[in-house]
Every structure is written in C-alpha cells, then in structure tokens.
file my_file-v3.txt (compact mmCIF, C-alpha atoms and all ligand atoms)
# COMPACT_ATOMS: atom_id res chain seq x y z
CA MET A 1 -106.22 -32.26 -78.89
CA GLU A 2 -102.48 -31.92 -79.36
CA VAL A 3 -100.46 -33.75 -76.71
CA GLU A 4 -97.27 -32.13 -75.53
CA ARG A 5 -94.45 -34.68 -75.63
CA VAL A 6 -91.90 -34.81 -72.82
CA GLN A 7 -89.13 -34.70 -75.44
CA ALA A 8 -90.39 -31.23 -76.50
CA ILE A 9 -90.75 -30.04 -72.88
CA ALA A 10 -87.21 -31.25 -72.18
CA SER A 11 -85.73 -29.27 -75.06
CA GLN A 12 -87.56 -26.12 -73.87
CA SER A 13 -86.30 -26.59 -70.28
CA LYS A 14 -82.71 -27.41 -71.34
CA CYS A 15 -80.99 -24.28 -70.03
CA MET A 16 -83.23 -23.85 -67.01
CA ASP A 17 -83.00 -24.92 -63.44
CA THR A 18 -86.69 -25.74 -63.13
CA ILE A 19 -89.26 -28.09 -64.61
CA PRO A 20 -93.03 -27.63 -64.93
CA SER A 21 -94.70 -28.23 -61.58
CA GLU A 22 -96.67 -31.28 -62.76
CA PHE A 23 -93.34 -33.13 -63.07
CA ILE A 24 -92.19 -32.31 -59.53
CA ARG A 25 -92.96 -35.39 -57.49
CA LEU A 26 -94.44 -35.30 -54.00
CA GLU A 27 -91.75 -35.27 -51.35
CA ASN A 28 -92.23 -38.92 -50.39
CA GLU A 29 -91.47 -39.96 -54.00
CA GLN A 30 -88.57 -37.68 -54.93
CA PRO A 31 -85.57 -39.79 -55.90
CA ALA A 32 -83.02 -37.55 -54.18
CA THR A 33 -84.55 -38.16 -50.78
CA THR A 34 -85.85 -41.71 -51.18
CA THR A 35 -82.93 -43.63 -52.72
CA LEU A 36 -80.67 -45.65 -50.47
CA HIS A 37 -77.04 -44.92 -51.35
CA GLY A 38 -73.78 -46.44 -50.22
CA VAL A 39 -75.26 -49.85 -49.49
CA VAL A 40 -73.73 -52.84 -51.22
CA LEU A 41 -76.82 -54.82 -52.11
CA GLU A 42 -76.95 -55.78 -55.73
CA VAL A 43 -79.71 -57.47 -57.67
CA PRO A 44 -78.77 -61.05 -58.60
CA VAL A 45 -76.86 -61.62 -61.85
CA ILE A 46 -77.41 -65.08 -63.36
CA ASP A 47 -75.23 -66.75 -66.00
CA LEU A 48 -77.58 -68.56 -68.37
CA SER A 49 -74.69 -70.49 -69.95
CA HIS A 50 -73.75 -72.26 -66.71
CA PRO A 51 -73.32 -76.00 -67.42
CA ASP A 52 -75.33 -76.97 -64.33
CA LEU A 53 -79.00 -76.41 -65.22
CA GLY A 54 -79.96 -77.15 -61.61
CA LYS A 55 -77.88 -74.19 -60.47
CA ILE A 56 -79.55 -71.87 -63.00
CA VAL A 57 -82.99 -73.04 -61.87
CA ARG A 58 -82.17 -72.52 -58.19
CA SER A 59 -80.71 -69.04 -58.82
CA ILE A 60 -83.71 -67.93 -60.88
CA ALA A 61 -86.20 -69.30 -58.35
CA GLU A 62 -84.37 -67.64 -55.45
CA ALA A 63 -84.08 -64.28 -57.25
CA SER A 64 -87.78 -64.45 -58.18
CA ARG A 65 -88.74 -65.13 -54.56
CA GLU A 66 -86.41 -62.59 -52.95
CA TRP A 67 -86.27 -59.74 -55.46
CA GLY A 68 -88.69 -60.35 -58.33
CA LEU A 69 -85.90 -58.91 -60.49
CA PHE A 70 -82.58 -60.20 -61.79
CA GLN A 71 -80.16 -59.71 -64.64
CA VAL A 72 -79.12 -62.49 -67.00
CA VAL A 73 -75.79 -62.65 -68.83
CA ASN A 74 -74.55 -65.08 -71.52
CA HIS A 75 -78.17 -65.43 -72.59
CA GLY A 76 -77.40 -66.25 -76.21
CA ILE A 77 -78.68 -63.06 -77.89
CA PRO A 78 -75.75 -61.71 -79.92
CA SER A 79 -74.66 -58.23 -78.84
CA LYS A 80 -75.05 -57.13 -82.49
CA ALA A 81 -78.78 -57.92 -82.37
CA ILE A 82 -79.17 -55.84 -79.19
CA GLU A 83 -77.11 -52.95 -80.58
CA LYS A 84 -79.17 -52.91 -83.76
CA LEU A 85 -82.43 -52.88 -81.78
CA GLN A 86 -81.14 -49.93 -79.77
CA GLU A 87 -79.82 -48.09 -82.79
CA VAL A 88 -83.09 -48.18 -84.75
CA GLY A 89 -85.14 -47.23 -81.67
CA LYS A 90 -82.87 -44.26 -80.98
CA GLU A 91 -83.06 -43.18 -84.61
CA PHE A 92 -86.86 -43.25 -84.44
CA PHE A 93 -86.97 -40.99 -81.38
CA GLU A 94 -84.52 -38.59 -83.05
CA LEU A 95 -86.83 -38.08 -86.05
CA PRO A 96 -88.65 -34.74 -86.36
CA GLN A 97 -91.73 -34.62 -84.14
CA GLU A 98 -94.23 -34.71 -87.03
CA GLU A 99 -92.70 -37.95 -88.34
CA LYS A 100 -93.11 -39.60 -84.95
CA GLU A 101 -96.69 -38.38 -84.64
CA VAL A 102 -97.63 -40.53 -87.68
CA TYR A 103 -97.38 -43.48 -85.25
CA ALA A 104 -99.31 -41.80 -82.39
CA LYS A 105 -101.69 -44.05 -80.49
CA PRO A 106 -105.15 -43.26 -81.90
CA GLN A 107 -107.32 -41.35 -79.45
CA GLY A 108 -109.86 -43.51 -77.67
CA SER A 109 -108.16 -46.70 -78.85
CA GLU A 110 -108.41 -49.61 -76.41
CA SER A 111 -105.04 -50.98 -77.47
CA VAL A 112 -101.82 -49.61 -75.99
CA GLU A 113 -99.99 -49.71 -79.32
CA GLY A 114 -98.50 -46.55 -80.77
CA TYR A 115 -96.25 -43.60 -79.99
CA GLY A 116 -97.27 -41.58 -76.97
CA THR A 117 -96.94 -39.98 -73.61
CA LYS A 118 -98.83 -41.25 -70.60
CA LEU A 119 -101.97 -39.13 -70.55
CA GLN A 120 -103.48 -39.91 -67.16
CA LYS A 121 -101.96 -37.91 -64.37
CA GLU A 122 -100.96 -39.87 -61.30
CA VAL A 123 -101.65 -39.40 -57.60
CA GLY A 124 -101.17 -35.73 -56.76
CA GLY A 125 -101.67 -34.81 -60.47
CA LYS A 126 -98.08 -35.73 -61.30
CA LYS A 127 -96.64 -36.77 -64.66
CA ALA A 128 -93.81 -39.04 -65.76
CA TRP A 129 -90.73 -37.66 -67.56
CA ALA A 130 -90.94 -40.05 -70.52
CA ASP A 131 -92.37 -40.70 -73.98
CA HIS A 132 -92.83 -44.18 -75.40
CA LEU A 133 -93.64 -46.38 -78.39
CA PHE A 134 -95.53 -49.65 -77.99
CA HIS A 135 -96.02 -52.38 -80.60
CA LYS A 136 -96.42 -56.15 -80.55
CA ILE A 137 -93.55 -58.19 -81.96
CA TRP A 138 -94.90 -61.76 -81.62
CA PRO A 139 -96.88 -63.90 -82.53
CA PRO A 140 -97.29 -62.92 -86.20
CA ALA A 141 -101.11 -62.94 -85.94
CA ALA A 142 -100.95 -60.27 -83.20
CA ILE A 143 -98.64 -57.87 -85.07
CA ASN A 144 -99.97 -54.60 -86.49
CA TYR A 145 -97.20 -53.18 -88.68
CA HIS A 146 -98.97 -49.83 -88.74
CA PHE A 147 -97.22 -49.12 -85.42
CA TRP A 148 -93.75 -50.22 -86.56
CA PRO A 149 -91.76 -47.20 -87.75
CA LYS A 150 -90.84 -47.26 -91.45
CA ASN A 151 -87.95 -44.98 -90.72
CA PRO A 152 -85.18 -45.99 -90.19
CA PRO A 153 -85.73 -48.60 -92.93
CA SER A 154 -83.97 -51.34 -90.94
CA TYR A 155 -86.39 -50.94 -88.00
CA ARG A 156 -88.44 -54.00 -88.97
CA GLU A 157 -85.50 -56.30 -89.60
CA ALA A 158 -83.86 -55.34 -86.28
CA ASN A 159 -87.06 -55.97 -84.31
CA GLU A 160 -87.78 -59.26 -86.07
CA GLU A 161 -84.29 -60.53 -85.39
CA TYR A 162 -84.50 -59.51 -81.72
CA ALA A 163 -87.97 -61.12 -81.34
CA LYS A 164 -86.68 -64.39 -82.79
CA ARG A 165 -83.73 -64.50 -80.37
CA LEU A 166 -85.78 -63.32 -77.42
CA ARG A 167 -88.24 -66.20 -77.68
CA VAL A 168 -85.46 -68.67 -76.99
CA VAL A 169 -84.48 -66.79 -73.81
CA ALA A 170 -88.12 -66.47 -72.71
CA ASP A 171 -88.63 -70.24 -73.08
CA LYS A 172 -85.56 -70.94 -70.92
CA LEU A 173 -86.83 -68.58 -68.24
CA PHE A 174 -90.31 -70.13 -68.24
CA GLU A 175 -88.73 -73.57 -67.85
CA SER A 176 -86.63 -72.47 -64.91
CA LEU A 177 -89.59 -70.82 -63.22
CA SER A 178 -91.56 -74.09 -63.57
CA LEU A 179 -88.75 -76.38 -62.43
CA GLY A 180 -87.97 -74.02 -59.54
CA LEU A 181 -91.39 -74.81 -58.06
CA GLY A 182 -91.22 -78.54 -58.75
CA LEU A 183 -93.52 -78.35 -61.81
CA GLU A 184 -93.08 -79.90 -65.26
CA ARG A 185 -90.88 -77.67 -67.43
CA ASP A 186 -93.67 -76.42 -69.73
CA GLU A 187 -96.29 -75.69 -67.06
CA PHE A 188 -95.70 -71.96 -66.58
CA LYS A 189 -95.57 -71.21 -70.29
CA GLU A 190 -98.73 -73.21 -71.01
CA ALA A 191 -100.52 -71.45 -68.16
CA VAL A 192 -99.89 -68.04 -69.77
CA GLY A 193 -100.99 -69.04 -73.25
CA GLY A 194 -98.22 -71.27 -74.69
CA ASP A 195 -97.57 -70.27 -78.28
CA ASP A 196 -100.30 -67.60 -78.11
CA LEU A 197 -98.32 -65.61 -75.54
CA ILE A 198 -98.05 -62.01 -76.76
CA TYR A 199 -94.70 -60.19 -76.86
CA LEU A 200 -95.38 -56.48 -76.41
CA MET A 201 -92.38 -54.24 -77.14
CA LYS A 202 -92.15 -50.83 -75.49
CA ILE A 203 -89.45 -48.25 -76.03
CA ASN A 204 -89.10 -45.76 -73.19
CA TYR A 205 -87.46 -42.45 -74.03
CA TYR A 206 -86.41 -40.40 -70.99
CA PRO A 207 -84.88 -37.11 -72.19
CA PRO A 208 -82.36 -35.19 -70.03
CA CYS A 209 -84.08 -33.46 -67.13
CA PRO A 210 -82.78 -30.28 -65.45
CA ARG A 211 -84.04 -31.52 -62.05
CA PRO A 212 -83.46 -35.27 -61.83
CA ASP A 213 -83.64 -34.94 -58.05
CA LEU A 214 -87.33 -33.99 -58.27
CA ALA A 215 -88.75 -35.93 -61.24
CA LEU A 216 -89.32 -39.60 -62.03
CA GLY A 217 -89.12 -41.30 -65.44
CA LEU A 218 -91.81 -43.77 -64.39
CA VAL A 219 -93.66 -43.88 -61.11
CA ALA A 220 -93.39 -46.98 -58.91
CA HIS A 221 -95.35 -49.88 -60.40
CA THR A 222 -95.40 -53.63 -60.95
CA ASP A 223 -95.83 -55.06 -64.45
CA MET A 224 -99.14 -56.73 -65.31
CA SER A 225 -97.38 -59.19 -67.64
CA SER A 226 -96.15 -62.69 -66.78
CA PHE A 227 -92.62 -61.35 -66.82
CA THR A 228 -90.73 -58.66 -68.69
CA ILE A 229 -87.38 -58.83 -70.45
CA LEU A 230 -85.68 -55.45 -70.66
CA VAL A 231 -82.67 -54.04 -72.45
CA PRO A 232 -81.49 -50.65 -71.11
CA ASN A 233 -79.05 -48.21 -72.68
CA GLU A 234 -75.89 -47.32 -70.73
CA VAL A 235 -77.52 -44.55 -68.68
CA PRO A 236 -78.56 -45.98 -65.29
CA GLY A 237 -82.00 -45.16 -63.91
CA LEU A 238 -83.90 -48.33 -63.01
CA GLN A 239 -84.58 -48.71 -59.28
CA VAL A 240 -86.06 -51.63 -57.39
CA PHE A 241 -87.90 -51.62 -54.07
CA LYS A 242 -86.78 -54.17 -51.52
CA ASP A 243 -87.07 -54.31 -47.74
CA ASP A 244 -88.55 -50.80 -47.65
CA HIS A 245 -85.77 -49.16 -49.69
CA TRP A 246 -85.16 -48.08 -53.27
CA TYR A 247 -81.98 -49.53 -54.79
CA ASP A 248 -80.28 -48.63 -58.09
CA VAL A 249 -79.94 -51.46 -60.60
CA ASN A 250 -76.40 -51.50 -62.02
CA TYR A 251 -75.90 -51.29 -65.75
CA ILE A 252 -74.16 -54.40 -67.10
CA PRO A 253 -73.33 -54.23 -70.82
CA ASN A 254 -75.31 -56.82 -72.81
CA ALA A 255 -77.25 -58.11 -69.80
CA LEU A 256 -81.02 -58.51 -69.94
CA ILE A 257 -83.06 -57.38 -66.94
CA ILE A 258 -85.94 -59.65 -65.95
CA HIS A 259 -88.93 -58.30 -64.00
CA ILE A 260 -91.29 -60.85 -62.53
CA GLY A 261 -94.79 -59.56 -63.27
CA ASP A 262 -98.19 -59.91 -61.64
CA GLN A 263 -99.26 -63.01 -63.61
CA VAL A 264 -96.26 -65.10 -62.50
CA GLU A 265 -96.88 -64.01 -58.91
CA ILE A 266 -100.50 -65.16 -59.25
CA LEU A 267 -99.66 -68.48 -60.95
CA SER A 268 -97.09 -69.25 -58.27
CA ASN A 269 -99.64 -68.35 -55.57
CA GLY A 270 -97.29 -65.69 -54.26
CA MET A 271 -94.11 -67.76 -54.15
CA TYR A 272 -92.55 -65.58 -56.82
CA LYS A 273 -92.84 -61.80 -56.31
CA SER A 274 -93.93 -59.23 -58.84
CA VAL A 275 -91.30 -56.50 -58.50
CA LEU A 276 -92.09 -52.91 -57.54
CA HIS A 277 -89.83 -50.67 -59.61
CA ARG A 278 -89.50 -47.11 -60.91
CA THR A 279 -87.10 -45.07 -63.02
CA THR A 280 -85.09 -41.95 -62.39
CA VAL A 281 -83.81 -39.55 -65.04
CA ASN A 282 -80.47 -37.94 -65.84
CA LYS A 283 -79.49 -34.28 -65.98
CA ASP A 284 -77.41 -34.45 -69.18
CA LYS A 285 -78.11 -37.76 -70.88
CA THR A 286 -81.05 -39.45 -72.52
CA ARG A 287 -81.95 -42.77 -70.96
CA MET A 288 -83.74 -45.36 -73.09
CA SER A 289 -85.02 -48.83 -72.38
CA TRP A 290 -86.67 -51.62 -74.38
CA PRO A 291 -88.88 -53.76 -72.14
CA VAL A 292 -90.81 -56.61 -73.78
CA PHE A 293 -93.87 -57.58 -71.74
CA LEU A 294 -94.84 -61.25 -72.11
CA GLU A 295 -98.62 -61.04 -71.92
CA PRO A 296 -101.26 -63.77 -71.82
CA PRO A 297 -104.01 -63.56 -74.47
CA PRO A 298 -106.82 -61.31 -73.14
CA GLU A 299 -109.44 -64.08 -72.83
CA LEU A 300 -107.17 -66.52 -71.00
CA GLU A 301 -108.05 -67.22 -67.36
CA ILE A 302 -105.15 -66.99 -64.96
CA GLY A 303 -105.09 -68.10 -61.35
CA PRO A 304 -102.82 -70.03 -59.00
CA ILE A 305 -101.59 -73.30 -60.60
CA PRO A 306 -103.75 -76.04 -58.97
CA LYS A 307 -100.72 -78.26 -58.21
CA LEU A 308 -99.32 -75.52 -55.95
CA ILE A 309 -102.46 -75.35 -53.84
CA THR A 310 -102.75 -77.39 -50.68
CA GLU A 311 -104.78 -77.16 -47.50
CA GLU A 312 -101.92 -75.30 -45.84
CA ASN A 313 -101.40 -73.15 -48.91
CA PRO A 314 -104.87 -72.10 -50.13
CA PRO A 315 -105.25 -69.81 -53.18
CA LYS A 316 -104.24 -66.23 -52.40
CA TYR A 317 -105.50 -64.79 -55.71
CA LYS A 318 -108.70 -64.98 -57.74
CA THR A 319 -108.74 -66.75 -61.09
CA LYS A 320 -109.83 -64.31 -63.81
CA LYS A 321 -109.42 -63.44 -67.47
CA TYR A 322 -106.26 -61.47 -68.18
CA LYS A 323 -108.29 -58.69 -69.80
CA ASP A 324 -110.35 -58.32 -66.60
CA TYR A 325 -107.18 -58.19 -64.53
CA VAL A 326 -105.84 -55.41 -66.78
CA TYR A 327 -109.11 -53.46 -66.60
CA CYS A 328 -109.13 -53.53 -62.79
CA LYS A 329 -105.47 -52.57 -62.55
CA LEU A 330 -105.71 -49.67 -65.01
CA ASN A 331 -108.83 -48.36 -63.32
CA LYS A 332 -107.41 -48.88 -59.82
CA LEU A 333 -110.23 -51.28 -58.89
CA PRO A 334 -109.81 -54.15 -56.43
CA GLN A 335 -108.82 -57.45 -58.15
O1 LIG A 401 -86.91 -48.09 -68.11
C1 LIG A 401 -86.83 -49.01 -67.30
O2 LIG A 401 -85.76 -49.45 -66.90
C2 LIG A 401 -88.09 -49.62 -66.72
C3 LIG A 401 -89.27 -49.52 -67.65
C4 LIG A 401 -90.56 -49.92 -67.03
O3 LIG A 401 -90.65 -50.23 -65.87
C5 LIG A 401 -91.79 -49.90 -67.84
O4 LIG A 401 -91.76 -49.44 -68.99
O5 LIG A 401 -92.84 -50.34 -67.33
call {"tool": "encode", "arguments": {"input": "my_file-v3.txt", "output": "structure tokens"}}
result
Amino acid sequence: MEVERVQAIASQSKCMDTIPSEFIRLENEQPATTTLHGVVLEVPVIDLSHPDLGKIVRSIAEASREWGLFQVVNHGIPSKAIEKLQEVGKEFFELPQEEKEVYAKPQGSESVEGYGTKLQKEVGGKKAWADHLFHKIWPPAAINYHFWPKNPPSYREANEEYAKRLRVVADKLFESLSLGLGLERDEFKEAVGGDDLIYLMKINYYPPCPRPDLALGLVAHTDMSSFTILVPNEVPGLQVFKDDHWYDVNYIPNALIIHIGDQVEILSNGMYKSVLHRTTVNKDKTRMSWPVFLEPPPELEIGPIPKLITEENPPKYKTKKYKDYVYCKLNKLPQ
C-alpha cells in the first residue's frame, strides 16, 4: 500500500484555499479558535551557565512543576552543531520522494524507526499535517544505521556530534530534576536506565498549509519519554496547554526546548508534570523540529521513586515495564 505523504499533499494544495477534509480539525481543536492571544505569559527560560547551581535547580524544578516545559539557553551545545543538524535534516526532506522512501518504516514493524507519516487517524478520523523520520542516536548498541540517511553524506557526522553534545545537557537536566526533589544527583537518571537510556531522534517536517487556522501539525499529546529535548527551526508553531489555555512557545535562537514526559511525572509521583502540547502550521513556511526522546529500555520497570512516597503521599501511579506503558498508551488502554 502506498502511503500519501503530507509533503506531497501540501505541494498539490499550494495554490488552493482548501485542504482535504481529513486534515480539518474538529471545531474544539482548531488553532484559530482555541489559542489564547495577547496574554503575556511566557514559558520559563533557564540559563544553564548561571554560576549558582542552586538557582538552576530551583528554576528547573519550578518550571517542571508549573509548566512541564521550559527553554534552556547557554546550554553548551555550539550553535554550529545545531545548525549542522538542522541543515542535514532539511536536505534529507528536500530529496526526491523516492529517495526518502528508501528509509520508510517497514510495514508491520514494531519499532518506530524510519521515515513516515502517522498512519492511524485520530479522534474524529482526523490526520496531522506532518511527515517524520525517527532513528535512535544513542547508545551505540541501540543504533540501526539503516534508518540514518546516507544523503546528504554529512548526515551521520552531524547527528553523532549532536548526540555527543546532547548527552552532557541531558545529564545536567537529570541532576537538576533529582536535586530539585531532594534526591541524590544520579537518582533520576539511574531510575530511567542510566547508561542504557535510549536517545530517539525524530525530525518533524510540517510543510506550508493553505489553512493553518483549521489544521494541526500534531494533535495535543504528552510524551511517553522521561523528557524530551527539542530544537525547532525559526518558524513558530509549538503550543503548550496551561490553566485551560493554549499558549504559543516563543522561538529563541539556539535555545533547547525541554518537555517533561510521562516517565518523569511517574517517577516524581506527580510532582513534576508531563506537558500537554501540540503544534500549529504555517501558511507560507515549512516548520521543522528535532525532538530527542530520552526513553527507558523497554524491559525496565518504572514507578514512583520509593524515597518520594510517604503515608501522606502514597503512590499515584502503577509500577510497570516501559514497554507495557507504551503499549497501553498507543492502544488507548488504561495504565
Ligand atoms: O514540533 C514540535 O515543536 C513538537 C514536536 C512533538 O511534540 C513531537 O514530535 O512529539
């Protein structure tokens, strides 16, 4: 079965004022009517180079409790490494369709890796205005280079360099999340697999859309990961849900956007919040983003960290294998 890619649909709908009906969201989801504008409420921006580690820890813990999402600046990843990652990803999506299809996710495969378009329709039979490429970038034993584009030739080097730098940032964030709850600095990272933690890269490609008021790039969701570290391009589109409203996340050059995911919410017994977010699309410009999901190994059991449990604060979540959590979430089964 040939899958129609959103990139192809977008180029056919370029000069039109309509989009296929399966992309028109239900009224209660349409971005034009559900986004709160004109309100000055910005997601926290945290300077990771601040000399006072205590201040960094407090800011990260507060942002993770209040928003579940924050941006980090001065994180130590050189802007060149980020630019290169973006450049090679963009070049891949600009290749002729048949070259991209070489990397298509095999049909029936259990793994998410590969080039693709979300196949399941959502509530109301709706579809997302996006294509994607998934592949693991760390640890070496988890990598399948079959899903890493060979073209452009510098794709591998750019991703390896980014992965190396990203691990340093991820470790700092894990430490702050631990210290922010009064735990030892390595407790969060160990609880999600330590050095076996899997770094899953995704590239989202959201082509221009003639009706950005009616479509969504990605429907509202929380990430299953522990947390996610995302690089966007300069076209805004990420929105976060807070206090019953959808807010735009500002684009800050060279910042990384951190999404607290379901596993950190579970480990913290609900003290940190997994963030509900979605993406909008643009009429004239292509939006792209590069989230890396930090995922526990499938067999690892995750539940609230025992030290955080007291009589007054009993466990709010079940302890279960990560793979079972994923299965329930993907199949919309109770956890
Ligand atoms: O593109 C973005 O900014 C968000 C991406 C995202 O939420 C996802 O891929 O799950």
call {"tool": "residues_around", "arguments": {"input": "my_file-v3.txt", "residues": "A:Ala141", "least_positions_apart": "6", "cutoff": "12 Å", "atoms": "all atoms listed in the file", "output": "VMD selection string"}}
result
chain A and resid 195 to 199 297
call {"tool": "closest_residue", "arguments": {"input": "my_file-v3.txt", "among": "A:Asn313, A:Gln239, A:Thr279, A:Thr228", "to": "A:Val292", "atoms": "all atoms listed in the file"}}
result
A:Thr228
call {"tool": "closest_residue", "arguments": {"input": "my_file-v3.txt", "among": "A:Phe174, A:Phe70, A:Phe147, A:Tyr317", "to": "A:Ala104", "atoms": "all atoms listed in the file"}}
result
A:Phe147
call {"tool": "residues_near_ligand", "arguments": {"input": "my_file-v3.txt", "ligand": "ligand LIG 401 (chain A)", "cutoff": "8 Å", "atoms": "only C-alpha atoms and all ligand atoms", "output": "ChimeraX atom specification"}}
result
/A:202-204,217-218,221-223,230-232,237-239,277-279,287-291
call {"tool": "atom_distance", "arguments": {"input": "my_file-v3.txt", "atom1": "atom CA of A:Pro207", "atom2": "atom CA of A:Asp131"}}
result
8.5 Å
call {"tool": "atom_distance", "arguments": {"input": "my_file-v3.txt", "atom1": "atom CA of A:Ser111", "atom2": "atom CA of A:Asn144"}}
result
11.0 Å
call {"tool": "closest_residue", "arguments": {"input": "my_file-v3.txt", "among": "A:Tyr162, A:Phe92, A:Tyr205, A:Trp148", "to": "A:Lys118", "atoms": "only C-alpha atoms"}}
result
A:Tyr205
call {"tool": "atom_distance", "arguments": {"input": "my_file-v3.txt", "atom1": "atom CA of A:Leu26", "atom2": "atom CA of A:Val6"}}
result
19.0 Å
call {"tool": "closest_residue", "arguments": {"input": "my_file-v3.txt", "among": "A:Arg185, A:Ile309, A:Gly125, A:Val43", "to": "A:Asn250", "atoms": "only C-alpha atoms"}}
result
A:Val43
call {"tool": "closest_residue", "arguments": {"input": "my_file-v3.txt", "among": "A:Thr35, A:Asn269, A:Asn254, A:Gln7", "to": "A:Asn74", "atoms": "only C-alpha atoms"}}
result
A:Asn254
call {"tool": "closest_residue", "arguments": {"input": "my_file-v3.txt", "among": "A:Ala191, A:Asp213, A:Glu161, A:Leu177", "to": "A:Ser79", "atoms": "all atoms listed in the file"}}
result
A:Glu161
call {"tool": "residues_around", "arguments": {"input": "my_file-v3.txt", "residues": "A:Lys126", "least_positions_apart": "4", "cutoff": "12 Å", "atoms": "only C-alpha atoms", "output": "ChimeraX atom specification"}}
result
/A:20-27,29-30,118-122,214-219
call {"tool": "write_last_selection", "arguments": {"input": "my_file-v3.txt", "atoms": "C-alpha atoms", "output": "PDB file, in the coordinates of the input"}}
result
ATOM      1  CA  PRO A  20     -93.030 -27.630 -64.930  1.00  0.00           C
ATOM      2  CA  SER A  21     -94.700 -28.230 -61.580  1.00  0.00           C
ATOM      3  CA  GLU A  22     -96.670 -31.280 -62.760  1.00  0.00           C
ATOM      4  CA  PHE A  23     -93.340 -33.130 -63.070  1.00  0.00           C
ATOM      5  CA  ILE A  24     -92.190 -32.310 -59.530  1.00  0.00           C
ATOM      6  CA  ARG A  25     -92.960 -35.390 -57.490  1.00  0.00           C
ATOM      7  CA  LEU A  26     -94.440 -35.300 -54.000  1.00  0.00           C
ATOM      8  CA  GLU A  27     -91.750 -35.270 -51.350  1.00  0.00           C
ATOM      9  CA  GLU A  29     -91.470 -39.960 -54.000  1.00  0.00           C
ATOM     10  CA  GLN A  30     -88.570 -37.680 -54.930  1.00  0.00           C
ATOM     11  CA  LYS A 118     -98.830 -41.250 -70.600  1.00  0.00           C
ATOM     12  CA  LEU A 119    -101.970 -39.130 -70.550  1.00  0.00           C
ATOM     13  CA  GLN A 120    -103.480 -39.910 -67.160  1.00  0.00           C
ATOM     14  CA  LYS A 121    -101.960 -37.910 -64.370  1.00  0.00           C
ATOM     15  CA  GLU A 122    -100.960 -39.870 -61.300  1.00  0.00           C
ATOM     16  CA  LEU A 214     -87.330 -33.990 -58.270  1.00  0.00           C
ATOM     17  CA  ALA A 215     -88.750 -35.930 -61.240  1.00  0.00           C
ATOM     18  CA  LEU A 216     -89.320 -39.600 -62.030  1.00  0.00           C
ATOM     19  CA  GLY A 217     -89.120 -41.300 -65.440  1.00  0.00           C
ATOM     20  CA  LEU A 218     -91.810 -43.770 -64.390  1.00  0.00           C
ATOM     21  CA  VAL A 219     -93.660 -43.880 -61.110  1.00  0.00           C
TER      22      VAL A 219
END
call {"tool": "residues_around", "arguments": {"input": "my_file-v3.txt", "residues": "A:Thr319", "least_positions_apart": "5", "cutoff": "8 Å", "atoms": "all atoms listed in the file", "output": "list in words"}}
result
Glu301, Ile302, Gly303 and Pro304 of chain A
call {"tool": "axis_aligned_box", "arguments": {"input": "my_file-v3.txt", "around": "stretch 138-148 of chain A", "padding_each_side": "6 Å", "output": "AutoDock Vina command-line options"}}
result
--center_x -97.4 --center_y -56.5 --center_z -85.2 --size_x 19.4 --size_y 26.8 --size_z 19.1
